[in-house]
$ cat data09.cif   # mmCIF, N, CA and C atoms and all ligand atoms
data_structure
loop_
_atom_site.label_atom_id
_atom_site.label_comp_id
_atom_site.auth_asym_id
_atom_site.auth_seq_id
_atom_site.Cartn_x
_atom_site.Cartn_y
_atom_site.Cartn_z
N MET A 1 5.81 -16.66 -10.70
CA MET A 1 7.18 -16.46 -10.20
C MET A 1 7.16 -16.50 -8.67
N ASN A 2 8.03 -17.28 -8.10
CA ASN A 2 8.08 -17.30 -6.63
C ASN A 2 9.16 -16.35 -6.12
N LEU A 3 9.26 -16.26 -4.83
CA LEU A 3 10.18 -15.29 -4.22
C LEU A 3 11.63 -15.54 -4.63
N GLN A 4 12.04 -16.80 -4.63
CA GLN A 4 13.43 -17.12 -4.99
C GLN A 4 13.76 -16.61 -6.39
N ASP A 5 12.85 -16.88 -7.33
CA ASP A 5 13.06 -16.44 -8.72
C ASP A 5 13.07 -14.93 -8.81
N ALA A 6 12.16 -14.30 -8.08
CA ALA A 6 12.05 -12.84 -8.13
C ALA A 6 13.33 -12.19 -7.62
N LEU A 7 13.89 -12.77 -6.57
CA LEU A 7 15.13 -12.23 -6.01
C LEU A 7 16.29 -12.50 -6.97
N ALA A 8 16.34 -13.71 -7.52
CA ALA A 8 17.43 -14.11 -8.40
C ALA A 8 17.46 -13.26 -9.66
N SER A 9 16.28 -12.91 -10.18
CA SER A 9 16.21 -12.16 -11.42
C SER A 9 16.36 -10.66 -11.19
N GLY A 10 16.42 -10.25 -9.92
CA GLY A 10 16.57 -8.83 -9.62
C GLY A 10 15.27 -8.06 -9.67
N ARG A 11 14.15 -8.77 -9.82
CA ARG A 11 12.85 -8.08 -9.85
C ARG A 11 12.53 -7.50 -8.48
N ILE A 12 13.07 -8.12 -7.46
CA ILE A 12 12.96 -7.57 -6.12
C ILE A 12 14.38 -7.40 -5.58
N ALA A 13 14.69 -6.20 -5.14
CA ALA A 13 16.04 -5.95 -4.62
C ALA A 13 16.29 -6.81 -3.39
N LYS A 14 17.51 -7.30 -3.28
CA LYS A 14 17.83 -8.18 -2.15
C LYS A 14 17.69 -7.48 -0.81
N ASP A 15 17.86 -6.15 -0.83
CA ASP A 15 17.76 -5.41 0.43
C ASP A 15 16.40 -4.74 0.59
N ALA A 16 15.44 -5.13 -0.26
CA ALA A 16 14.11 -4.54 -0.16
C ALA A 16 13.52 -4.83 1.22
N LYS A 17 12.77 -3.87 1.70
CA LYS A 17 12.18 -4.04 3.04
C LYS A 17 11.03 -5.02 3.00
N ARG A 18 10.87 -5.75 4.09
CA ARG A 18 9.75 -6.66 4.23
C ARG A 18 9.00 -6.29 5.50
N ALA A 19 7.73 -6.62 5.54
CA ALA A 19 6.95 -6.37 6.75
C ALA A 19 5.92 -7.48 6.90
N THR A 20 5.42 -7.64 8.11
CA THR A 20 4.42 -8.66 8.37
C THR A 20 3.02 -8.08 8.23
N LYS A 21 2.05 -8.96 8.12
CA LYS A 21 0.66 -8.52 8.03
C LYS A 21 0.28 -7.74 9.29
N LYS A 22 0.79 -8.18 10.42
CA LYS A 22 0.50 -7.51 11.70
C LYS A 22 0.99 -6.07 11.67
N GLN A 23 2.22 -5.86 11.18
CA GLN A 23 2.77 -4.51 11.11
C GLN A 23 1.94 -3.65 10.17
N PHE A 24 1.53 -4.28 9.07
CA PHE A 24 0.71 -3.60 8.07
C PHE A 24 -0.63 -3.17 8.68
N GLU A 25 -1.27 -4.09 9.39
CA GLU A 25 -2.57 -3.79 10.00
C GLU A 25 -2.44 -2.72 11.08
N ALA A 26 -1.34 -2.72 11.80
CA ALA A 26 -1.12 -1.70 12.83
C ALA A 26 -0.97 -0.33 12.18
N ALA A 27 -0.26 -0.28 11.05
CA ALA A 27 -0.05 1.00 10.35
C ALA A 27 -1.38 1.52 9.81
N MET A 28 -2.24 0.62 9.35
CA MET A 28 -3.56 1.04 8.86
C MET A 28 -4.39 1.58 10.01
N ALA A 29 -4.38 0.89 11.13
CA ALA A 29 -5.19 1.28 12.29
C ALA A 29 -4.77 2.66 12.79
N LYS A 30 -3.49 2.94 12.74
CA LYS A 30 -2.93 4.20 13.22
C LYS A 30 -3.55 5.42 12.53
N ILE A 31 -3.84 5.30 11.24
CA ILE A 31 -4.39 6.44 10.49
C ILE A 31 -5.85 6.20 10.11
N GLY A 32 -6.42 5.10 10.55
CA GLY A 32 -7.83 4.83 10.28
C GLY A 32 -8.11 4.35 8.88
N ALA A 33 -7.08 3.88 8.19
CA ALA A 33 -7.27 3.36 6.84
C ALA A 33 -7.82 1.94 6.89
N THR A 34 -8.44 1.52 5.78
CA THR A 34 -8.98 0.17 5.72
C THR A 34 -8.53 -0.52 4.44
N LEU A 35 -8.40 -1.81 4.52
CA LEU A 35 -8.02 -2.60 3.35
C LEU A 35 -9.26 -2.79 2.49
N ASP A 36 -9.21 -2.28 1.28
CA ASP A 36 -10.37 -2.36 0.40
C ASP A 36 -10.35 -3.67 -0.37
N GLU A 37 -9.17 -4.05 -0.79
CA GLU A 37 -9.08 -5.24 -1.63
C GLU A 37 -7.70 -5.86 -1.49
N ASP A 38 -7.71 -7.15 -1.42
CA ASP A 38 -6.47 -7.91 -1.32
C ASP A 38 -6.44 -8.77 -2.58
N CYS A 39 -5.85 -8.24 -3.63
CA CYS A 39 -5.92 -8.91 -4.93
C CYS A 39 -5.14 -10.22 -4.93
N SER A 40 -5.55 -11.09 -5.81
CA SER A 40 -4.90 -12.40 -5.87
C SER A 40 -3.42 -12.26 -6.24
N LEU A 41 -3.09 -11.22 -6.98
CA LEU A 41 -1.69 -11.03 -7.36
C LEU A 41 -0.85 -10.50 -6.19
N GLY A 42 -1.54 -10.11 -5.11
CA GLY A 42 -0.80 -9.63 -3.95
C GLY A 42 -0.79 -8.12 -3.83
N ALA A 43 -1.43 -7.43 -4.77
CA ALA A 43 -1.52 -5.98 -4.64
C ALA A 43 -2.54 -5.65 -3.55
N LEU A 44 -2.26 -4.58 -2.82
CA LEU A 44 -3.15 -4.15 -1.75
C LEU A 44 -3.79 -2.83 -2.14
N VAL A 45 -5.11 -2.76 -2.04
CA VAL A 45 -5.80 -1.50 -2.29
C VAL A 45 -6.31 -1.01 -0.94
N ILE A 46 -5.83 0.15 -0.53
CA ILE A 46 -6.11 0.66 0.80
C ILE A 46 -6.88 1.97 0.70
N ASP A 47 -7.96 2.07 1.47
CA ASP A 47 -8.79 3.28 1.47
C ASP A 47 -8.46 4.17 2.66
N ALA A 48 -8.39 5.47 2.41
CA ALA A 48 -8.24 6.44 3.49
C ALA A 48 -9.59 6.56 4.20
N PRO A 49 -9.62 7.06 5.43
CA PRO A 49 -10.90 7.28 6.12
C PRO A 49 -11.76 8.24 5.29
N ALA A 50 -13.09 8.17 5.44
CA ALA A 50 -14.00 9.02 4.67
C ALA A 50 -13.64 10.48 4.83
N GLY A 51 -13.54 11.18 3.70
CA GLY A 51 -13.24 12.62 3.74
C GLY A 51 -11.75 12.94 3.77
N PHE A 52 -10.93 11.90 3.80
CA PHE A 52 -9.49 12.12 3.86
C PHE A 52 -8.80 11.52 2.63
N VAL A 53 -7.63 12.07 2.31
CA VAL A 53 -6.79 11.50 1.26
C VAL A 53 -5.43 11.16 1.88
N PHE A 54 -4.72 10.29 1.22
CA PHE A 54 -3.39 9.93 1.70
C PHE A 54 -2.40 11.04 1.38
N GLY A 55 -1.54 11.35 2.36
CA GLY A 55 -0.52 12.36 2.14
C GLY A 55 0.47 11.93 1.07
N ALA A 56 0.65 10.64 0.91
CA ALA A 56 1.64 10.13 -0.03
C ALA A 56 1.29 10.41 -1.49
N ASN A 57 0.01 10.39 -1.82
CA ASN A 57 -0.36 10.56 -3.23
C ASN A 57 -1.54 11.51 -3.45
N GLY A 58 -2.12 12.04 -2.37
CA GLY A 58 -3.23 12.97 -2.51
C GLY A 58 -4.51 12.30 -2.99
N CYS A 59 -4.56 10.98 -2.93
CA CYS A 59 -5.73 10.24 -3.41
C CYS A 59 -6.41 9.50 -2.26
N HIS A 60 -7.65 9.09 -2.52
CA HIS A 60 -8.41 8.38 -1.49
C HIS A 60 -7.96 6.94 -1.32
N ALA A 61 -7.22 6.44 -2.30
CA ALA A 61 -6.77 5.05 -2.19
C ALA A 61 -5.29 4.94 -2.52
N LEU A 62 -4.69 3.94 -1.94
CA LEU A 62 -3.29 3.61 -2.25
C LEU A 62 -3.29 2.20 -2.83
N VAL A 63 -2.56 2.01 -3.90
CA VAL A 63 -2.40 0.66 -4.44
C VAL A 63 -0.94 0.28 -4.23
N CYS A 64 -0.73 -0.71 -3.40
CA CYS A 64 0.64 -1.07 -3.04
C CYS A 64 0.99 -2.46 -3.54
N THR A 65 2.14 -2.55 -4.19
CA THR A 65 2.62 -3.84 -4.66
C THR A 65 4.09 -3.93 -4.29
N SER A 66 4.66 -5.09 -4.48
CA SER A 66 6.07 -5.21 -4.18
C SER A 66 6.91 -4.72 -5.34
N GLU A 67 6.31 -4.55 -6.49
CA GLU A 67 7.05 -3.98 -7.61
C GLU A 67 6.09 -3.40 -8.64
N GLU A 68 6.64 -2.73 -9.63
CA GLU A 68 5.82 -1.90 -10.49
C GLU A 68 4.88 -2.63 -11.44
N ASP A 69 5.22 -3.82 -11.86
CA ASP A 69 4.37 -4.47 -12.86
C ASP A 69 3.17 -5.18 -12.24
N GLY A 70 3.01 -5.04 -10.94
CA GLY A 70 1.83 -5.61 -10.31
C GLY A 70 2.04 -7.01 -9.76
N MET A 71 3.05 -7.70 -10.26
CA MET A 71 3.36 -9.01 -9.70
C MET A 71 3.87 -8.72 -8.29
N SER A 72 3.29 -9.37 -7.34
CA SER A 72 3.54 -8.89 -6.00
C SER A 72 3.74 -10.01 -4.99
N ILE A 73 4.61 -9.76 -4.08
CA ILE A 73 4.86 -10.73 -3.02
C ILE A 73 4.59 -10.04 -1.69
N LYS A 74 3.64 -10.57 -0.97
CA LYS A 74 3.07 -9.93 0.21
C LYS A 74 4.02 -9.18 1.15
N PRO A 75 5.03 -9.79 1.71
CA PRO A 75 5.84 -9.06 2.69
C PRO A 75 6.41 -7.76 2.15
N TYR A 76 6.66 -7.71 0.85
CA TYR A 76 7.19 -6.50 0.23
C TYR A 76 6.08 -5.49 -0.02
N ALA A 77 4.91 -5.99 -0.38
CA ALA A 77 3.77 -5.10 -0.57
C ALA A 77 3.38 -4.47 0.78
N TYR A 78 3.45 -5.24 1.85
CA TYR A 78 3.15 -4.70 3.18
C TYR A 78 4.15 -3.60 3.52
N ALA A 79 5.43 -3.83 3.24
CA ALA A 79 6.45 -2.84 3.56
C ALA A 79 6.23 -1.57 2.75
N ASP A 80 5.86 -1.71 1.48
CA ASP A 80 5.57 -0.57 0.61
C ASP A 80 4.40 0.23 1.20
N ALA A 81 3.36 -0.50 1.60
CA ALA A 81 2.17 0.15 2.14
C ALA A 81 2.50 0.92 3.42
N ILE A 82 3.27 0.31 4.29
CA ILE A 82 3.63 0.95 5.56
C ILE A 82 4.42 2.23 5.31
N GLU A 83 5.35 2.14 4.36
CA GLU A 83 6.19 3.29 4.03
C GLU A 83 5.33 4.45 3.52
N ARG A 84 4.35 4.12 2.66
CA ARG A 84 3.54 5.19 2.08
C ARG A 84 2.50 5.71 3.06
N MET A 85 1.99 4.83 3.93
CA MET A 85 1.01 5.29 4.92
C MET A 85 1.66 6.17 5.98
N ALA A 86 2.98 6.10 6.08
CA ALA A 86 3.71 6.90 7.07
C ALA A 86 3.54 8.40 6.80
N TYR A 87 3.15 8.76 5.57
CA TYR A 87 2.91 10.17 5.25
C TYR A 87 1.56 10.64 5.81
N GLY A 88 0.80 9.70 6.37
CA GLY A 88 -0.45 10.06 7.01
C GLY A 88 -1.58 10.38 6.05
N VAL A 89 -2.63 10.98 6.59
CA VAL A 89 -3.78 11.38 5.78
C VAL A 89 -4.07 12.84 6.05
N ARG A 90 -4.70 13.49 5.08
CA ARG A 90 -5.13 14.88 5.29
C ARG A 90 -6.53 15.04 4.71
N LEU A 91 -7.23 16.09 5.15
CA LEU A 91 -8.59 16.33 4.68
C LEU A 91 -8.60 16.51 3.16
N CYS A 92 -9.58 15.93 2.52
CA CYS A 92 -9.74 16.12 1.07
C CYS A 92 -10.30 17.51 0.85
N THR A 93 -9.59 18.31 0.05
CA THR A 93 -10.04 19.69 -0.17
C THR A 93 -10.53 19.89 -1.60
N ASP A 94 -10.69 18.80 -2.33
CA ASP A 94 -11.16 18.88 -3.70
C ASP A 94 -12.67 19.09 -3.71
N THR A 95 -13.11 20.28 -4.11
CA THR A 95 -14.55 20.56 -4.08
C THR A 95 -15.31 19.78 -5.14
N ASP A 96 -14.58 19.27 -6.12
CA ASP A 96 -15.19 18.49 -7.20
C ASP A 96 -14.95 17.00 -7.02
N CYS A 97 -14.54 16.61 -5.83
CA CYS A 97 -14.13 15.23 -5.61
C CYS A 97 -15.25 14.24 -5.95
N GLU A 98 -14.88 13.21 -6.69
CA GLU A 98 -15.88 12.20 -7.07
C GLU A 98 -16.07 11.16 -5.99
N VAL A 99 -15.18 11.18 -5.02
CA VAL A 99 -15.26 10.15 -3.98
C VAL A 99 -16.06 10.62 -2.77
N CYS A 100 -15.81 11.89 -2.36
CA CYS A 100 -16.55 12.34 -1.16
C CYS A 100 -17.54 13.47 -1.46
ZN ZN B 201 -12.41 13.52 -1.76
#
$ encode --input "data09.cif" --output "structure tokens" --more "lines below"
Ligand SMILES: [Zn+2]
Amino acid sequence: MNLQDALASGRIAKDAKRATKKQFEAAMAKIGATLDEDCSLGALVIDAPAGFVFGANGCHALVCTSEEDGMSIKPYAYADAIERMAYGVRLCTDTDCEVC
């Protein structure tokens, strides 16, 4: 499905936010996050700095897509990621954490 079809079918809201890769990379740099994986479907897997979790979900990684079923169109996935990274990171306090 391309962007035109996705918009036409309502899978992506017409007023959904978009962002550029540059904006996305700046938002990652701000909190020290790194891109772990850039999936072919367009989903972004982002890692928090070592010892930290994302404020948005309390997890060490964020998986951002432009919509819920994983079919993803980059500018929307970037906007989603920026929005969620805006909650920042906090120290992981899970004493049983499997990641750190
Ligand atoms: Zn942890």
$ atom_distance --input "data09.cif" --atom1 "atom CA of Cys59 of chain A" --atom2 "atom CA of Thr95 of chain A"
13.6 Å
$ closest_residue --input "data09.cif" --among "A:Gly51, A:Pro75, A:Asn57, A:Asp80" --to "ligand ZN 201 (chain B)" --atoms "only N, CA and C atoms and all ligand atoms"
A:Gly51
$ closest_residue --input "data09.cif" --among "A:Asp15, A:Glu83, A:Glu98, A:Asp38" --to "ligand ZN 201 (chain B)" --atoms "only C-alpha atoms and all ligand atoms"
A:Glu98
$ closest_atom_pairs --input "data09.cif" --of "chain A" --to "ligand ZN 201 (chain B)" --cutoff "8 Å" --atoms "only N, CA and C atoms and all ligand atoms" --output "Markdown table"
| residue | atom | partner | partner_atom | distance |
| --- | --- | --- | --- | --- |
| A:Ala50 | C | B:ZN201 | ZN | 7.4 |
| A:Gly51 | C | B:ZN201 | ZN | 5.6 |
| A:Phe52 | N | B:ZN201 | ZN | 6.0 |
| A:Val53 | N | B:ZN201 | ZN | 6.4 |
| A:Cys59 | C | B:ZN201 | ZN | 7.2 |
| A:His60 | CA | B:ZN201 | ZN | 6.5 |
| A:Leu91 | C | B:ZN201 | ZN | 6.9 |
| A:Cys92 | CA | B:ZN201 | ZN | 4.7 |
| A:Thr93 | N | B:ZN201 | ZN | 5.8 |
| A:Asp94 | N | B:ZN201 | ZN | 5.6 |
| A:Thr95 | N | B:ZN201 | ZN | 7.2 |
| A:Asp96 | C | B:ZN201 | ZN | 6.8 |
| A:Cys97 | CA | B:ZN201 | ZN | 4.6 |
| A:Glu98 | N | B:ZN201 | ZN | 5.5 |
| A:Val99 | C | B:ZN201 | ZN | 4.8 |
| A:Cys100 | N | B:ZN201 | ZN | 3.8 |
$ closest_residue --input "data09.cif" --among "A:Arg84, A:Val89, A:Gln23, A:Gln4" --to "Pro49 of chain A" --atoms "only C-alpha atoms"
A:Val89
$ select_by_dssp --input "data09.cif" --residues "chain A" --states "strand (DSSP E or B)" --output "list in words"
Thr34, Leu35, Asp36, Glu37, Asp38, Leu44, Val45, Ile46, Asp47, Phe52, Val53, Phe54, Ala61, Leu62, Val63, Cys64, Val89, Arg90 and Leu91 of chain A
$ residues_around --input "data09.cif" --residues "segment 27-33 of chain A" --least-positions-apart "2" --cutoff "6.5 Å" --atoms "only N, CA and C atoms" --output "count of residues only"
12
$ select_by_dssp --input "data09.cif" --residues "chain A" --states "alpha helix (DSSP H)" --output "JSON, numbers by chain"
{"A": [3, 4, 5, 6, 7, 8, 21, 22, 23, 24, 25, 26, 27, 28, 29, 30, 31, 74, 75, 76, 77, 78, 79, 80, 81, 82, 83, 84, 85]}
$ closest_residue --input "data09.cif" --among "A:Ile73, A:Cys64, A:Ala79, A:Asp36" --to "Leu3 of chain A" --atoms "only C-alpha atoms"
A:Ile73
$ atom_distance --input "data09.cif" --atom1 "atom N of Gly55 of chain A" --atom2 "atom CA of Ala86 of chain A"
8.3 Å
$ atom_distance --input "data09.cif" --atom1 "atom N of Ala8 of chain A" --atom2 "atom CA of Leu44 of chain A"
22.5 Å
